[in-house]
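Scroll down for the structure; my scribbles are underneath it.
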Amino acid sequence: MTNKKAIFLFVGMVLVATIGIGIWANRLLSNMEEDEAMTEQLSVRILDGFSDHTAIQKYPVQLAALDWGTNCLVLENGGAGDLGVTYKSKWNEALGTTGNYPGDRIKGVVLLVMDMKEKGEYINKIGQNTKAYQRNYVINYVDLDKKAIIARDTLYGEEPPLVNRSAGSGAGDFPSDSEVVNSIKERLKL
């Protein structure tokens, strides 16, 4: 009788975990699809200025005072299909900038670019080397009138693990959403 209870308990736990993972994955995919749909509706001014994932490189760096307040939108470099950027609803909601959507009258764009910094190497038992990376965000504050980057910050993610025990990535995680939002708030003086 105890074996049957243990089996039912185990099956129940596996079922609950599977349902939980399914709900989480569904929510994540829904958010990504929503962000993609919103990206396609961004103002022409933004979409033309960031037509592909290399567009940020055409903007010169001209450091200047940043006085936008919340008159901006937060985007991530790169996008689905031909899109050069992706609207990030979770970051815009946390910063109170969603009212600026689709971006017709904003002063600037906060554009996050993913970056990786090599931090070392792993050497496995048979002498093969793999690189260890730290994942970072380079946060660019692009003034749309000046067509220039007027401020730039680098937000460092976790250090890579000391030991790479699997065939998985030898990289730490990107900075968390709260770290991203707090960094932007600090720069915008919100």
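Labels used: A, B, ... for chains in the order of the structure tokens, numbers from 1 for residues in each chain, and numbers from 1 for ligands as shown.
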| request: Check the DSSP output for the backbone and give back, as a ChimeraX atom specification, the residues of stretch 24-76 of chain A in strand (DSSP E). | output: /A:72-76
Each stretch 83-144 of chain A residue no farther than 10 Å from stretch 38-58 of chain A, nearest pair in Å, only C-alpha atoms, as JSON lines:
{"residue": "A:Leu83", "atom": "CA", "partner": "A:Asp52", "partner_atom": "CA", "distance": 5.9}
{"residue": "A:Gly84", "atom": "CA", "partner": "A:Asp52", "partner_atom": "CA", "distance": 3.5}
{"residue": "A:Val85", "atom": "CA", "partner": "A:Phe50", "partner_atom": "CA", "distance": 6.5}
{"residue": "A:Thr86", "atom": "CA", "partner": "A:Thr39", "partner_atom": "CA", "distance": 5.5}
{"residue": "A:Tyr87", "atom": "CA", "partner": "A:Thr39", "partner_atom": "CA", "distance": 5.0}
{"residue": "A:Lys88", "atom": "CA", "partner": "A:Thr39", "partner_atom": "CA", "distance": 8.5}
{"residue": "A:Ser89", "atom": "CA", "partner": "A:Met38", "partner_atom": "CA", "distance": 8.5}
{"residue": "A:Tyr101", "atom": "CA", "partner": "A:Leu42", "partner_atom": "CA", "distance": 7.1}
{"residue": "A:Pro102", "atom": "CA", "partner": "A:Leu42", "partner_atom": "CA", "distance": 4.6}
{"residue": "A:Gly103", "atom": "CA", "partner": "A:Ser43", "partner_atom": "CA", "distance": 5.5}
{"residue": "A:Asp104", "atom": "CA", "partner": "A:Ser43", "partner_atom": "CA", "distance": 5.4}
{"residue": "A:Arg105", "atom": "CA", "partner": "A:Ser43", "partner_atom": "CA", "distance": 9.1}
{"residue": "A:Ile106", "atom": "CA", "partner": "A:Ile46", "partner_atom": "CA", "distance": 9.7}
{"residue": "A:Gly108", "atom": "CA", "partner": "A:Ile46", "partner_atom": "CA", "distance": 9.3}
{"residue": "A:Val109", "atom": "CA", "partner": "A:Ile46", "partner_atom": "CA", "distance": 8.2}
{"residue": "A:Leu111", "atom": "CA", "partner": "A:Ile56", "partner_atom": "CA", "distance": 8.4}
{"residue": "A:Leu112", "atom": "CA", "partner": "A:Ile56", "partner_atom": "CA", "distance": 10.0}
{"residue": "A:Val113", "atom": "CA", "partner": "A:Ile56", "partner_atom": "CA", "distance": 8.9}
{"residue": "A:Asn140", "atom": "CA", "partner": "A:Ile56", "partner_atom": "CA", "distance": 8.6}
{"residue": "A:Val142", "atom": "CA", "partner": "A:Ile56", "partner_atom": "CA", "distance": 8.8}
{"residue": "A:Leu144", "atom": "CA", "partner": "A:Ile46", "partner_atom": "CA", "distance": 8.3}
| message | To test your reading of the structure, identify every residue in stretch 83-162 of chain A that backbone DSSP assigns to alpha helix (DSSP H), and report it as a list in words. | response | Ser89, Lys90, Trp91, Asn92, Glu93, Ala94 and Leu95 of chain A
Keeping only all heavy atoms, write the selected residues to a file as a tab-separated table (two decimals), in the first residue's frame.
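Below is the file again03.tsv, written as the result:
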chain	number	residue	atom	x	y	z
A	89	SER	N	8.18	45.33	-23.58
A	89	SER	CA	7.05	45.80	-22.76
A	89	SER	C	7.35	45.72	-21.27
A	89	SER	O	7.00	46.63	-20.52
A	89	SER	CB	5.79	45.02	-23.11
A	89	SER	OG	5.98	43.64	-22.96
A	90	LYS	N	8.01	44.67	-20.80
A	90	LYS	CA	8.24	44.54	-19.35
A	90	LYS	C	9.11	45.68	-18.83
A	90	LYS	O	8.89	46.18	-17.73
A	90	LYS	CB	8.83	43.18	-19.00
A	90	LYS	CG	10.19	42.89	-19.60
A	90	LYS	CD	10.66	41.49	-19.28
A	90	LYS	CE	11.92	41.17	-20.07
A	90	LYS	NZ	12.34	39.81	-19.94
A	91	TRP	N	10.12	46.09	-19.60
A	91	TRP	CA	10.98	47.18	-19.14
A	91	TRP	C	10.27	48.52	-19.26
A	91	TRP	O	10.40	49.38	-18.38
A	91	TRP	CB	12.29	47.19	-19.92
A	91	TRP	CG	13.18	46.00	-19.64
A	91	TRP	CD1	13.15	45.20	-18.53
A	91	TRP	CD2	14.18	45.44	-20.48
A	91	TRP	NE1	14.09	44.20	-18.63
A	91	TRP	CE2	14.74	44.32	-19.82
A	91	TRP	CE3	14.67	45.78	-21.73
A	91	TRP	CZ2	15.76	43.56	-20.36
A	91	TRP	CZ3	15.69	45.02	-22.28
A	91	TRP	CH2	16.22	43.93	-21.59
A	92	ASN	N	9.51	48.72	-20.34
A	92	ASN	CA	8.76	49.97	-20.48
A	92	ASN	C	7.69	50.11	-19.41
A	92	ASN	O	7.48	51.21	-18.88
A	92	ASN	CB	8.16	50.06	-21.89
A	92	ASN	CG	9.20	50.47	-22.91
A	92	ASN	OD1	9.66	51.60	-22.92
A	92	ASN	ND2	9.59	49.54	-23.76
A	93	GLU	N	7.02	49.01	-19.06
A	93	GLU	CA	6.04	49.06	-17.98
A	93	GLU	C	6.69	49.43	-16.66
A	93	GLU	O	6.17	50.27	-15.91
A	93	GLU	CB	5.33	47.70	-17.85
A	93	GLU	CG	4.37	47.42	-18.99
A	93	GLU	CD	3.89	45.98	-19.02
A	93	GLU	OE1	4.17	45.20	-18.08
A	93	GLU	OE2	3.23	45.61	-20.02
A	94	ALA	N	7.82	48.83	-16.36
A	94	ALA	CA	8.52	49.10	-15.09
A	94	ALA	C	9.02	50.54	-15.02
A	94	ALA	O	9.13	51.09	-13.92
A	94	ALA	CB	9.68	48.12	-14.91
A	95	LEU	N	9.31	51.14	-16.15
A	95	LEU	CA	9.83	52.51	-16.18
A	95	LEU	C	8.73	53.56	-16.36
A	95	LEU	O	9.00	54.75	-16.29
A	95	LEU	CB	10.86	52.66	-17.30
A	95	LEU	CG	12.17	51.92	-17.06
A	95	LEU	CD1	12.95	51.79	-18.35
A	95	LEU	CD2	12.98	52.62	-15.99
| said: Measuring between only C-alpha atoms, which one of A:Tyr59, A:Phe174, A:Tyr133, A:Tyr141 shows the shortest distance to A:Leu155? | reply: A:Phe174
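Note that the spacing between atom CA of A:Gly120 and atom CA of A:Ala132 amounts to 5.0 Å.
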| query | Of the candidates A:Val138, A:Leu162, A:Val181, A:Ala65, which one gets nearest to A:Asn77 if we count only C-alpha atoms? | reply | A:Val138
| Residue contacts of A:Thr130 (7 Å, only C-alpha atoms) excluding same-chain residues fewer than 4 positions away, as a VMD selection string | chain A and resid 121 to 123
| Nearest candidate to A:Trp68 (options A:Lys5, A:Glu36, A:Thr97, A:Gly170; using only C-alpha atoms) | A:Thr97
| said: Report, in Å to a single decimal, how far apart atom CA of A:Met114 and atom CA of A:Ala171 are. | reply: 13.0 Å
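Picture a line from atom CA of A:Leu73 to atom CA of A:Glu179; it runs 17.2 Å.
When only C-alpha atoms are used to compute distances to A:Gly69, the closest of the residues A:Lys117, A:Arg135, A:Lys185, A:Arg152 turns out to be A:Lys185.
Among the candidates A:Met116, A:Ala64, A:Val180, A:Gln128, the one nearest to A:Glu76 when counting only C-alpha atoms is A:Val180.
With only C-alpha atoms as the basis for measurement, A:Asp67 is the residue among A:Asp67, A:Asp82, A:Asp145, A:Glu158 that approaches A:Leu190 most closely.
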